[in-house]
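Quick look at model32.cif (mmCIF, C-alpha atoms):
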data_start
#
loop_
_atom_site.label_atom_id
_atom_site.label_comp_id
_atom_site.auth_asym_id
_atom_site.auth_seq_id
_atom_site.Cartn_x
_atom_site.Cartn_y
_atom_site.Cartn_z
CA MET V 1 42.38 -25.80 69.25
CA PRO V 2 42.73 -29.58 69.59
CA ASP V 3 45.83 -31.50 68.59
CA PHE V 4 45.53 -32.57 64.94
CA VAL V 5 48.96 -34.15 64.57
CA GLY V 6 48.80 -36.93 61.99
CA LYS V 7 45.41 -35.84 60.66
CA VAL V 8 44.69 -34.59 57.13
CA ALA V 9 42.37 -31.62 56.65
CA LEU V 10 40.82 -30.48 53.38
CA VAL V 11 39.85 -26.81 53.49
CA THR V 12 37.90 -24.98 50.81
CA GLY V 13 38.97 -21.41 50.29
CA THR V 14 42.35 -19.71 50.59
CA SER V 15 41.17 -16.31 51.78
CA GLY V 16 38.97 -15.17 54.63
CA ILE V 17 37.56 -18.00 56.75
CA GLY V 18 39.24 -20.68 54.62
CA ARG V 19 42.64 -19.06 55.09
CA ALA V 20 42.16 -18.69 58.85
CA THR V 21 40.96 -22.28 59.16
CA ALA V 22 43.86 -23.65 57.12
CA LEU V 23 46.41 -21.74 59.19
CA ASN V 24 44.86 -22.78 62.52
CA LEU V 25 44.71 -26.42 61.51
CA ALA V 26 48.32 -26.32 60.32
CA LEU V 27 49.40 -24.73 63.61
CA SER V 28 47.60 -27.56 65.42
CA GLY V 29 49.65 -30.14 63.54
CA ALA V 30 47.33 -31.14 60.70
CA ASN V 31 48.53 -31.79 57.18
CA VAL V 32 46.40 -29.25 55.34
CA ILE V 33 45.23 -29.21 51.75
CA ALA V 34 43.60 -25.91 50.81
CA LEU V 35 41.61 -25.58 47.60
CA GLY V 36 40.97 -22.12 46.23
CA ILE V 37 39.91 -20.44 43.02
CA ASP V 38 41.75 -17.14 43.48
CA HIS V 39 45.33 -17.33 42.21
CA ALA V 40 46.56 -14.41 44.34
CA SER V 41 45.06 -15.82 47.55
CA ASN V 42 46.43 -19.27 46.73
CA ALA V 43 49.93 -17.86 46.25
CA ALA V 44 49.75 -15.75 49.42
CA LEU V 45 48.63 -18.67 51.59
CA SER V 46 51.19 -20.98 50.06
CA ALA V 47 53.97 -18.48 50.77
CA GLU V 48 52.74 -17.78 54.30
CA ALA V 49 52.57 -21.25 55.78
CA MET V 50 54.98 -24.13 55.56
CA GLY V 51 53.42 -27.56 55.31
CA LEU V 52 50.27 -26.45 53.53
CA ILE V 53 49.41 -27.82 50.13
CA VAL V 54 47.53 -25.20 48.17
CA GLN V 55 45.84 -26.28 44.98
CA HIS V 56 43.78 -24.28 42.48
CA ALA V 57 40.27 -25.71 42.25
CA ASP V 58 36.72 -24.49 41.77
CA VAL V 59 34.86 -26.35 44.52
CA SER V 60 31.54 -25.80 42.73
CA ASP V 61 32.82 -28.17 40.01
CA SER V 62 33.18 -31.75 41.29
CA ARG V 63 35.42 -32.67 38.34
CA ASP V 64 37.80 -29.84 39.21
CA VAL V 65 37.95 -30.97 42.84
CA ALA V 66 38.59 -34.57 41.76
CA ARG V 67 41.39 -33.38 39.47
CA ALA V 68 42.99 -31.33 42.25
CA ILE V 69 42.87 -34.22 44.72
CA ALA V 70 44.27 -36.63 42.13
CA GLU V 71 47.20 -34.26 41.51
CA ILE V 72 47.91 -34.13 45.26
CA GLU V 73 47.77 -37.89 45.69
#

This structure in structure tokens:
Amino acid sequence: MPDFVGKVALVTGTSGIGRATALNLALSGANVIALGIDHASNAALSAEAMGLIVQHADVSDSRDVARAIAEIE
């Protein structure tokens, strides 16, 4: 995977493909924000990887995504 040092990545999903993507990007040096709806998956990903910001958000609701991003900023 390319070097993503200094880049910010927003990943939707904290399980399955989203989880794998977030972990790979973090390992490649990116600052990763992962948005997920499942509390258990959010907690597991947050505990597993240092440097990841995991936020609860329903990505099908633009207001919820905006709220999550505003909280991170």

Skipping near chain neighbours, those fewer than 6 positions away, what residues fall within 10 Å of stretch 67-69 of chain V using all atoms listed in the file, listed as number ranges by chain? V: 10, 33, 35, 54-59

Just C-alpha atoms for this one: save the residues we selected as a PDB file, in the frame of the given file.
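Saved to part39.pdb:
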ATOM      1  CA  LEU V  10      40.820 -30.480  53.380  1.00  0.00           C
ATOM      2  CA  ILE V  33      45.230 -29.210  51.750  1.00  0.00           C
ATOM      3  CA  LEU V  35      41.610 -25.580  47.600  1.00  0.00           C
ATOM      4  CA  VAL V  54      47.530 -25.200  48.170  1.00  0.00           C
ATOM      5  CA  GLN V  55      45.840 -26.280  44.980  1.00  0.00           C
ATOM      6  CA  HIS V  56      43.780 -24.280  42.480  1.00  0.00           C
ATOM      7  CA  ALA V  57      40.270 -25.710  42.250  1.00  0.00           C
ATOM      8  CA  ASP V  58      36.720 -24.490  41.770  1.00  0.00           C
ATOM      9  CA  VAL V  59      34.860 -26.350  44.520  1.00  0.00           C
TER      10      VAL V  59
END

Among the residues V:Val65, V:Ala40, V:Ile72, V:Met50, the one that comes closest to V:Leu23 [using all atoms listed in the file]: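 That would be V:Met50, the residue with the smallest distance to V:Leu23.
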
Taking all atoms of stretch 14-20 of chain V that appear in the file, build a box with edges along x, y and z, extend it by 4 Å on every side, and state its centre and edge lengths in Å to one decimal, as JSON.
{"center_x": 40.1, "center_y": -17.9, "center_z": 54.7, "size_x": 13.1, "size_y": 13.5, "size_z": 16.3}

For V:Ser15, find every residue with an atom within 10 Å (counting only C-alpha atoms), except residues of its own chain fewer than 2 positions away, and show them as a PyMOL selection string. chain V and resi 12-13+17-22+34+36-38+40-42+44-45

Separation of atom CA of V:Ala26 from atom CA of V:Asp3, in Å and rounded to one decimal: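 Between these atoms lies a distance of 10.1 Å.
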
Minimum-distance residue to V:Asn31, chosen among V:Ala43, V:Phe4, V:Gly16, V:Ala49 (using only C-alpha atoms):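 The shortest atom-to-atom distance to V:Asn31 comes from V:Phe4.
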
Atomic distance atom CA of V:Glu73 - atom CA of V:Ser60, expressed in Å with one decimal: 20.5 Å

One decimal, in Å: what's the spacing between atom CA of V:Leu27 and atom CA of V:Ala66?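 Answer for the atom CA of V:Leu27 to atom CA of V:Ala66 separation: 26.3 Å.
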